[in-house]
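Take a look at the structure below.
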Amino acid sequence: MTSSLRICFFLLCSCMSALAADADLILYSGKVVTVDSSFSIAEAIAIRGERIVDVGRTADVLKRDRGAHTRLIDLQGRTVLPGLIDSHVHALSAALSEYRAPLPELHSFADIQHYIREQASKIPKGQWIVVPRTFPTRLREMRMPTKEVLDVVSDHPVLFDASYVSVVNSYALKANRVARNTPDPSGGEIGKDKTGEPNGILRNALSVIKGAPDTEHSQQFTHAEKLDALERMLNRYVAAGLTTIGDRAVLKEDVDLYQELKANHRLPVRAVVTWRLPTKAPADQLVSEIRRSSWVTNEGDDWLKFGSFKVTLDGGMTIGTAYQRQPYGSFGAQLYGENNPQNRGQLFVPPDKLLTIMRAARDKGWQLTAHSQGGGAADTLLDAFEKLNRERPLRPTRSLLMHASFQAPKAIARMKSMGILADVQPI
């Protein structure tokens with residue numbers, strides 16, 4: 001190569017490098033909240049492609065990053081925030097809960113009874129009336145309703161949805177021949193009153209009621225309705241200032257909906273989805289399903305990808321089924337309608353089965369987690385993690401406890417020693 005060609009080549013590379021350094025967008029003369037280690041506030045920010053390339057004083061950023069084609073926006077003192085991330089949502093179930101009608105405001109047993117009577121005037125006799133998800137901690141009475149509260153109608157089966165706990169009326173119990181001698185289903189409990197008769201409270205035991213509505217994944221919506229509902233909900237997140245969400249419990253149906261929105265350029269927010277595997281099947285079947293699946297942590301791209309692998313280990317803290325280190329005692333009887341003072345809540349997955357499932361998911365390449373509200377559930381999950389950690393360090397997987405609402409210093413120390421994180425919801 002001649003010297004003149006070398007000079008031309010050098011100049012061309014220099015020009016290309018300079019052009020590449022130009023920002024696509026500069027926001028200046030504002031208050032840029034950086035959330036760095038000292039929470040400093042800058043004046044300007046430069047963006048190239050999908051990345052922030054510079055933050056600092058207005059004069060400096062304009063000098064370093066402005067090019068002939070850079071778009072400039074004068075903030076005139078306004079504030080720029082980092083993209084907000086909500087790490088724990090359930091987008092589809094939230095979207096469907098109010099897709100056809102707003103959720104009623106239920107603050108007392110009287111409100112619940114009024115709602116049931118209203119629905120009975122519209123719904124044909126013999127068909128289900130569902131009281132939308134409500135927790136006893138939100139009711140004026142501060143206790144779980146029983147069948148007597150729901151027995152304001154006698155010609156409809158009624159279901160009160162409290163998430164991992166359901167309450168049904170006498171009509172539903174009688175229609176399904178649920179009596180004092182009916183055995184508890186595996187992993188569930190049929191609530192009893194002080195005389196030993198079923199009181200309508202079903203803790204993870206709705207399976208004893210044939211034809212009961214599936215409140216978590218209703219089949220009453222078409223594919224088009226579900227797609228529309230999800231898109232609307234995701235747009236609500238964007239309107240609230242969110243740029244990324246963590247959908248913390250998806251099944252194949254949910255993944256298909258997300259992928260369809262993305263393929264049609266209708267996914268308005270970045271999504272990291274968690275695969276929740278139902279655990280009622282035998283362990284060997286679950287292991288086979290994990291191994292067969294093509295899903296794994298970080299599969300996808302910046303707009304839609306998989307995060308964690310999850311199982312539901314225990315119930316909820318607002319309904320008295322979170323698996324605790326100590327019994328709920330008289331507090332449980334008062335608030336949750338539990339007459340056994342030794343009740344500690346419910347553990348849905350036995351420790352040996354949990355370890356088998358988590359080992360298969362770890363070997364597949366997943367980040368591991370479990371819904372673990374109660375302290376007993378947190379300890380059970382950490383026991384499994386410790387056994388896996390002895391086989392191979394878990395720290396690189398960034399595995400975590402989900403919720404971990406009842407912690408203890410010993411549990412936190414165990415987490416720290418293994419590099420286990422926590423996804424908590426303080427409010």
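Each chain in the structure tokens gets a letter, A, B, ..., in the order shown, and its residues are numbered from 1; ligands are numbered from 1 in order too.
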
Within 9 Å of range 252-268 of chain A, which residues of range 183-237 of chain A show up? Give each one with its shortest atom-to-atom distance in Å (one decimal) and the two atoms involved, counting only C-alpha atoms, rows by chain then rising residue number, as a Markdown table.
| residue | atom | partner | partner_atom | distance |
| --- | --- | --- | --- | --- |
| A:His223 | CA | A:Leu257 | CA | 8.5 |
| A:Lys226 | CA | A:Leu257 | CA | 7.8 |
| A:Leu227 | CA | A:Leu257 | CA | 5.9 |
| A:Leu230 | CA | A:Leu257 | CA | 7.8 |
| A:Glu231 | CA | A:Leu267 | CA | 7.2 |
| A:Leu234 | CA | A:Pro268 | CA | 6.5 |
| A:Asn235 | CA | A:Pro268 | CA | 6.2 |
| A:Tyr237 | CA | A:Pro268 | CA | 8.9 |

File of the preceding selection, C-alpha atoms, as an mmCIF file, in the first residue's frame:
data_model
loop_
_atom_site.group_PDB
_atom_site.id
_atom_site.type_symbol
_atom_site.label_atom_id
_atom_site.label_comp_id
_atom_site.auth_asym_id
_atom_site.auth_seq_id
_atom_site.Cartn_x
_atom_site.Cartn_y
_atom_site.Cartn_z
ATOM 1 C CA HIS A 223 -57.467 -16.465 22.599
ATOM 2 C CA LYS A 226 -56.591 -12.928 26.241
ATOM 3 C CA LEU A 227 -54.240 -11.352 23.723
ATOM 4 C CA LEU A 230 -52.555 -8.746 27.970
ATOM 5 C CA GLU A 231 -51.697 -5.995 25.492
ATOM 6 C CA LEU A 234 -48.799 -4.026 29.266
ATOM 7 C CA ASN A 235 -49.728 -0.600 27.890
ATOM 8 C CA TYR A 237 -47.525 -0.512 32.697
#

*Find the residues near range 321-326 of chain A: any atom within 6 Å, counting only C-alpha atoms, skip ones fewer than 2 places away on the same chain, and give them as a VMD selection string.*
chain A and resid 314 to 317 319 344 to 347 373 to 377

Residues from last step as file, C-alpha atoms, as a PDB file, in the first residue's frame:
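Resulting contents of part10.pdb:
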ATOM      1  CA  ASP A 314     -46.207 -22.737  50.123  1.00  0.00           C
ATOM      2  CA  GLY A 315     -49.332 -20.586  50.369  1.00  0.00           C
ATOM      3  CA  GLY A 316     -49.964 -16.961  51.213  1.00  0.00           C
ATOM      4  CA  MET A 317     -49.316 -14.840  54.280  1.00  0.00           C
ATOM      5  CA  ILE A 319     -54.664 -16.186  54.117  1.00  0.00           C
ATOM      6  CA  ARG A 344     -48.038 -23.966  60.510  1.00  0.00           C
ATOM      7  CA  GLY A 345     -49.532 -23.423  57.058  1.00  0.00           C
ATOM      8  CA  GLN A 346     -49.034 -25.577  53.986  1.00  0.00           C
ATOM      9  CA  LEU A 347     -45.952 -26.935  52.262  1.00  0.00           C
ATOM     10  CA  GLN A 373     -43.634 -16.803  51.777  1.00  0.00           C
ATOM     11  CA  GLY A 374     -43.303 -18.338  55.211  1.00  0.00           C
ATOM     12  CA  GLY A 375     -40.139 -18.845  57.221  1.00  0.00           C
ATOM     13  CA  GLY A 376     -40.569 -22.626  57.129  1.00  0.00           C
ATOM     14  CA  ALA A 377     -40.793 -22.533  53.340  1.00  0.00           C
TER      15      ALA A 377
END

*Please provide as JSON, numbers by chain all residues within 6 Å of Leu368 in chain A, with the sequence filter that same-chain residues fewer than 2 positions apart are discarded (counting only C-alpha atoms).*
{"A": [308, 309, 366, 399]}

Would you write out those residues with C-alpha atoms, as a PDB file, in the first residue's frame?
ATOM      1  CA  SER A 308     -36.169 -17.962  36.549  1.00  0.00           C
ATOM      2  CA  PHE A 309     -37.556 -21.451  36.940  1.00  0.00           C
ATOM      3  CA  TRP A 366     -31.984 -22.394  35.004  1.00  0.00           C
ATOM      4  CA  SER A 399     -30.759 -18.255  42.306  1.00  0.00           C
TER       5      SER A 399
END

*asked:* With distances taken over only C-alpha atoms, which residue among A:Pro327, A:Tyr99, A:Leu150, A:Leu335 lies nearest Thr137 in chain A?
replied: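 Looking only at the distances to Thr137 in chain A, the closest residue turns out to be A:Leu335.
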
_If you run DSSP on the backbone here, which positions in range 67-203 of chain A get helix (DSSP H, G or I)? Please write them as JSON, numbers by chain._
{"A": [91, 92, 93, 94, 95, 96, 97, 109, 110, 111, 112, 113, 114, 115, 116, 117, 118, 119, 120, 136, 137, 138, 147, 148, 149, 150, 170, 171, 172, 173, 174, 175]}

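CA of Val53 in chain A is found 9.6 Å from CA of Asp22 in chain A.
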
*asked:* I want to know what sits within 9 Å of range 199-214 of chain A, based on only C-alpha atoms, with residues of the same chain fewer than 4 positions away left out; could you give that as a ChimeraX atom specification?
replied: /A:128,130,144-148,157,159,163-170,172-173,175-178,182,184-193,218-219,315,321,337,346,348

Residue selection dump (N, CA and C atoms) as a tab-separated table (two decimals), in the first residue's frame:
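Output (again-v1.tsv):
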chain	number	residue	atom	x	y	z
A	128	TRP	N	-72.50	-21.10	38.82
A	128	TRP	CA	-71.59	-20.59	39.84
A	128	TRP	C	-71.61	-19.06	39.93
A	130	VAL	N	-69.03	-16.35	41.53
A	130	VAL	CA	-67.65	-16.24	42.04
A	130	VAL	C	-67.45	-14.85	42.64
A	144	MET	N	-61.64	-14.83	57.88
A	144	MET	CA	-62.07	-15.51	56.67
A	144	MET	C	-63.56	-15.79	56.75
A	145	PRO	N	-64.33	-15.52	55.69
A	145	PRO	CA	-65.74	-15.90	55.71
A	145	PRO	C	-65.88	-17.42	55.70
A	146	THR	N	-66.99	-17.92	56.19
A	146	THR	CA	-67.30	-19.34	56.14
A	146	THR	C	-68.55	-19.54	55.28
A	147	LYS	N	-69.00	-20.77	55.17
A	147	LYS	CA	-70.16	-21.07	54.31
A	147	LYS	C	-71.38	-20.26	54.74
A	148	GLU	N	-71.52	-19.99	56.05
A	148	GLU	CA	-72.69	-19.25	56.53
A	148	GLU	C	-72.77	-17.86	55.92
A	157	PRO	N	-74.37	-22.43	43.50
A	157	PRO	CA	-73.09	-22.67	44.17
A	157	PRO	C	-72.30	-21.36	44.20
A	159	LEU	N	-68.53	-19.40	45.22
A	159	LEU	CA	-67.11	-19.57	45.53
A	159	LEU	C	-66.52	-18.21	45.86
A	163	SER	N	-57.28	-16.77	46.68
A	163	SER	CA	-56.02	-17.26	46.14
A	163	SER	C	-55.81	-18.73	46.51
A	164	TYR	N	-54.85	-19.05	47.38
A	164	TYR	CA	-54.59	-20.45	47.71
A	164	TYR	C	-55.66	-21.04	48.62
A	165	VAL	N	-56.60	-20.23	49.04
A	165	VAL	CA	-57.75	-20.67	49.83
A	165	VAL	C	-59.02	-20.27	49.09
A	166	SER	N	-59.99	-21.20	49.06
A	166	SER	CA	-61.31	-20.89	48.53
A	166	SER	C	-62.33	-21.18	49.62
A	167	VAL	N	-63.45	-20.49	49.56
A	167	VAL	CA	-64.57	-20.78	50.46
A	167	VAL	C	-65.79	-21.02	49.59
A	168	VAL	N	-66.52	-22.09	49.88
A	168	VAL	CA	-67.75	-22.38	49.12
A	168	VAL	C	-68.94	-22.43	50.07
A	169	ASN	N	-70.12	-22.27	49.51
A	169	ASN	CA	-71.33	-22.26	50.34
A	169	ASN	C	-71.87	-23.67	50.55
A	170	SER	N	-72.93	-23.78	51.33
A	170	SER	CA	-73.51	-25.09	51.65
A	170	SER	C	-74.02	-25.80	50.41
A	172	ALA	N	-72.75	-25.84	47.41
A	172	ALA	CA	-71.62	-26.50	46.74
A	172	ALA	C	-71.13	-27.71	47.52
A	173	LEU	N	-71.09	-27.59	48.85
A	173	LEU	CA	-70.66	-28.73	49.68
A	173	LEU	C	-71.61	-29.91	49.54
A	175	ALA	N	-73.79	-30.53	47.11
A	175	ALA	CA	-73.81	-31.06	45.74
A	175	ALA	C	-72.64	-31.99	45.49
A	176	ASN	N	-71.55	-31.80	46.23
A	176	ASN	CA	-70.36	-32.64	46.06
A	176	ASN	C	-70.17	-33.63	47.21
A	177	ARG	N	-71.19	-33.72	48.08
A	177	ARG	CA	-71.18	-34.68	49.19
A	177	ARG	C	-69.92	-34.54	50.06
A	178	VAL	N	-69.52	-33.30	50.28
A	178	VAL	CA	-68.38	-33.05	51.18
A	178	VAL	C	-68.92	-32.99	52.60
A	182	THR	N	-65.17	-36.75	54.75
A	182	THR	CA	-64.50	-36.63	53.45
A	182	THR	C	-63.00	-36.45	53.67
A	184	ASP	N	-59.13	-35.36	53.19
A	184	ASP	CA	-58.44	-34.23	52.58
A	184	ASP	C	-57.76	-34.67	51.30
A	185	PRO	N	-57.79	-33.85	50.25
A	185	PRO	CA	-57.03	-34.19	49.04
A	185	PRO	C	-55.53	-34.04	49.32
A	186	SER	N	-54.71	-34.66	48.48
A	186	SER	CA	-53.26	-34.58	48.67
A	186	SER	C	-52.78	-33.14	48.68
A	187	GLY	N	-52.10	-32.75	49.76
A	187	GLY	CA	-51.56	-31.41	49.87
A	187	GLY	C	-52.57	-30.35	50.25
A	188	GLY	N	-53.82	-30.76	50.53
A	188	GLY	CA	-54.85	-29.78	50.85
A	188	GLY	C	-55.55	-30.08	52.15
A	189	GLU	N	-56.45	-29.20	52.55
A	189	GLU	CA	-57.17	-29.36	53.82
A	189	GLU	C	-58.59	-28.82	53.68
A	190	ILE	N	-59.56	-29.65	54.08
A	190	ILE	CA	-60.96	-29.23	54.15
A	190	ILE	C	-61.19	-28.65	55.54
A	191	GLY	N	-61.49	-27.36	55.61
A	191	GLY	CA	-61.68	-26.71	56.91
A	191	GLY	C	-62.90	-27.25	57.64
A	192	LYS	N	-62.81	-27.30	58.96
A	192	LYS	CA	-63.90	-27.80	59.80
A	192	LYS	C	-64.23	-26.78	60.88
A	193	ASP	N	-65.50	-26.78	61.29
A	193	ASP	CA	-65.88	-25.93	62.43
A	193	ASP	C	-65.60	-26.69	63.72
A	218	SER	N	-58.76	-18.93	33.83
A	218	SER	CA	-60.12	-19.16	33.37
A	218	SER	C	-60.13	-19.55	31.90
A	219	GLN	N	-60.99	-20.51	31.57
A	219	GLN	CA	-61.16	-20.92	30.18
A	219	GLN	C	-62.32	-20.18	29.51
A	315	GLY	N	-48.19	-21.43	50.66
A	315	GLY	CA	-49.33	-20.59	50.37
A	315	GLY	C	-49.05	-19.12	50.60
A	321	THR	N	-51.84	-19.61	54.92
A	321	THR	CA	-51.31	-20.87	54.41
A	321	THR	C	-49.80	-20.79	54.13
A	337	GLY	N	-59.65	-18.66	60.22
A	337	GLY	CA	-60.63	-19.73	60.37
A	337	GLY	C	-60.00	-21.09	60.54
A	346	GLN	N	-49.11	-24.45	54.91
A	346	GLN	CA	-49.03	-25.58	53.99
A	346	GLN	C	-47.76	-25.56	53.16
A	348	PHE	N	-46.42	-27.26	49.90
A	348	PHE	CA	-47.03	-27.96	48.77
A	348	PHE	C	-46.11	-29.00	48.13

*Please return as a ChimeraX atom specification: the residues of range 187-356 of chain A that backbone DSSP assigns to strand (DSSP E or B).*
/A:189-192,198-203,242-250,270-276,300,304-312,314,347

Export, as a PDB file, in the first residue's frame, the selected residues with C-alpha atoms.
ATOM      1  CA  GLU A 189     -57.167 -29.362  53.820  1.00  0.00           C
ATOM      2  CA  ILE A 190     -60.958 -29.233  54.154  1.00  0.00           C
ATOM      3  CA  GLY A 191     -61.682 -26.709  56.906  1.00  0.00           C
ATOM      4  CA  LYS A 192     -63.903 -27.804  59.798  1.00  0.00           C
ATOM      5  CA  PRO A 198     -66.972 -28.668  56.938  1.00  0.00           C
ATOM      6  CA  ASN A 199     -67.124 -24.892  57.282  1.00  0.00           C
ATOM      7  CA  GLY A 200     -66.654 -24.191  53.564  1.00  0.00           C
ATOM      8  CA  ILE A 201     -62.992 -23.170  53.813  1.00  0.00           C
ATOM      9  CA  LEU A 202     -60.852 -25.190  51.382  1.00  0.00           C
ATOM     10  CA  ARG A 203     -57.094 -24.753  51.715  1.00  0.00           C
ATOM     11  CA  LEU A 242     -42.408   1.062  33.510  1.00  0.00           C
ATOM     12  CA  THR A 243     -39.931  -0.015  30.851  1.00  0.00           C
ATOM     13  CA  THR A 244     -39.464  -3.633  31.986  1.00  0.00           C
ATOM     14  CA  ILE A 245     -41.577  -6.118  33.909  1.00  0.00           C
ATOM     15  CA  GLY A 246     -40.871  -9.477  35.478  1.00  0.00           C
ATOM     16  CA  ASP A 247     -43.888 -11.732  34.900  1.00  0.00           C
ATOM     17  CA  ARG A 248     -43.309 -14.148  37.739  1.00  0.00           C
ATOM     18  CA  ALA A 249     -45.484 -17.129  36.815  1.00  0.00           C
ATOM     19  CA  VAL A 250     -46.052 -18.054  33.179  1.00  0.00           C
ATOM     20  CA  ARG A 270     -39.635  -5.420  27.878  1.00  0.00           C
ATOM     21  CA  ALA A 271     -40.573  -8.627  29.687  1.00  0.00           C
ATOM     22  CA  VAL A 272     -38.545 -11.191  31.624  1.00  0.00           C
ATOM     23  CA  VAL A 273     -40.772 -14.195  32.255  1.00  0.00           C
ATOM     24  CA  THR A 274     -40.579 -16.858  34.944  1.00  0.00           C
ATOM     25  CA  TRP A 275     -41.632 -20.414  34.088  1.00  0.00           C
ATOM     26  CA  ARG A 276     -43.770 -21.760  36.928  1.00  0.00           C
ATOM     27  CA  GLY A 300     -34.641 -14.725  24.142  1.00  0.00           C
ATOM     28  CA  LEU A 304     -38.576 -10.908  25.719  1.00  0.00           C
ATOM     29  CA  LYS A 305     -36.608 -13.582  27.521  1.00  0.00           C
ATOM     30  CA  PHE A 306     -36.798 -16.191  30.254  1.00  0.00           C
ATOM     31  CA  GLY A 307     -35.608 -15.444  33.759  1.00  0.00           C
ATOM     32  CA  SER A 308     -36.169 -17.962  36.549  1.00  0.00           C
ATOM     33  CA  PHE A 309     -37.556 -21.451  36.940  1.00  0.00           C
ATOM     34  CA  LYS A 310     -40.140 -21.497  39.727  1.00  0.00           C
ATOM     35  CA  VAL A 311     -42.285 -23.824  41.805  1.00  0.00           C
ATOM     36  CA  THR A 312     -44.916 -22.811  44.338  1.00  0.00           C
ATOM     37  CA  ASP A 314     -46.207 -22.737  50.123  1.00  0.00           C
ATOM     38  CA  LEU A 347     -45.952 -26.935  52.262  1.00  0.00           C
TER      39      LEU A 347
END

*Would you mind telling me which residue in A:Lys122, A:Lys194, A:Ala46, A:Ser108 lies nearest to Arg64 in chain A when using only C-alpha atoms?*
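Checking each of A:Lys122, A:Lys194, A:Ala46, A:Ser108 against Arg64 in chain A, counting only C-alpha atoms, the winner is A:Ala46.
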
_Excluding range 38-41 of chain A and its own-chain neighbours fewer than 6 positions away, which residues fall within 10 Å of it when counting only C-alpha atoms? Please give them as a list in words._
Gly30, Lys31, Val32, Val55, Gly56, Arg57, Thr79 and Val80 of chain A

What does the file look like for those residues with C-alpha atoms, as a PDB file, in the first residue's frame?
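Just written: part-v6.pdb:
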ATOM      1  CA  GLY A  30     -32.342  19.129  32.819  1.00  0.00           C
ATOM      2  CA  LYS A  31     -32.054  17.060  35.960  1.00  0.00           C
ATOM      3  CA  VAL A  32     -30.849  13.583  35.048  1.00  0.00           C
ATOM      4  CA  VAL A  55     -23.926  11.570  31.223  1.00  0.00           C
ATOM      5  CA  GLY A  56     -22.656  14.876  32.595  1.00  0.00           C
ATOM      6  CA  ARG A  57     -22.798  18.660  32.319  1.00  0.00           C
ATOM      7  CA  THR A  79     -36.343  15.573  35.164  1.00  0.00           C
ATOM      8  CA  VAL A  80     -35.162  12.395  33.432  1.00  0.00           C
TER       9      VAL A  80
END
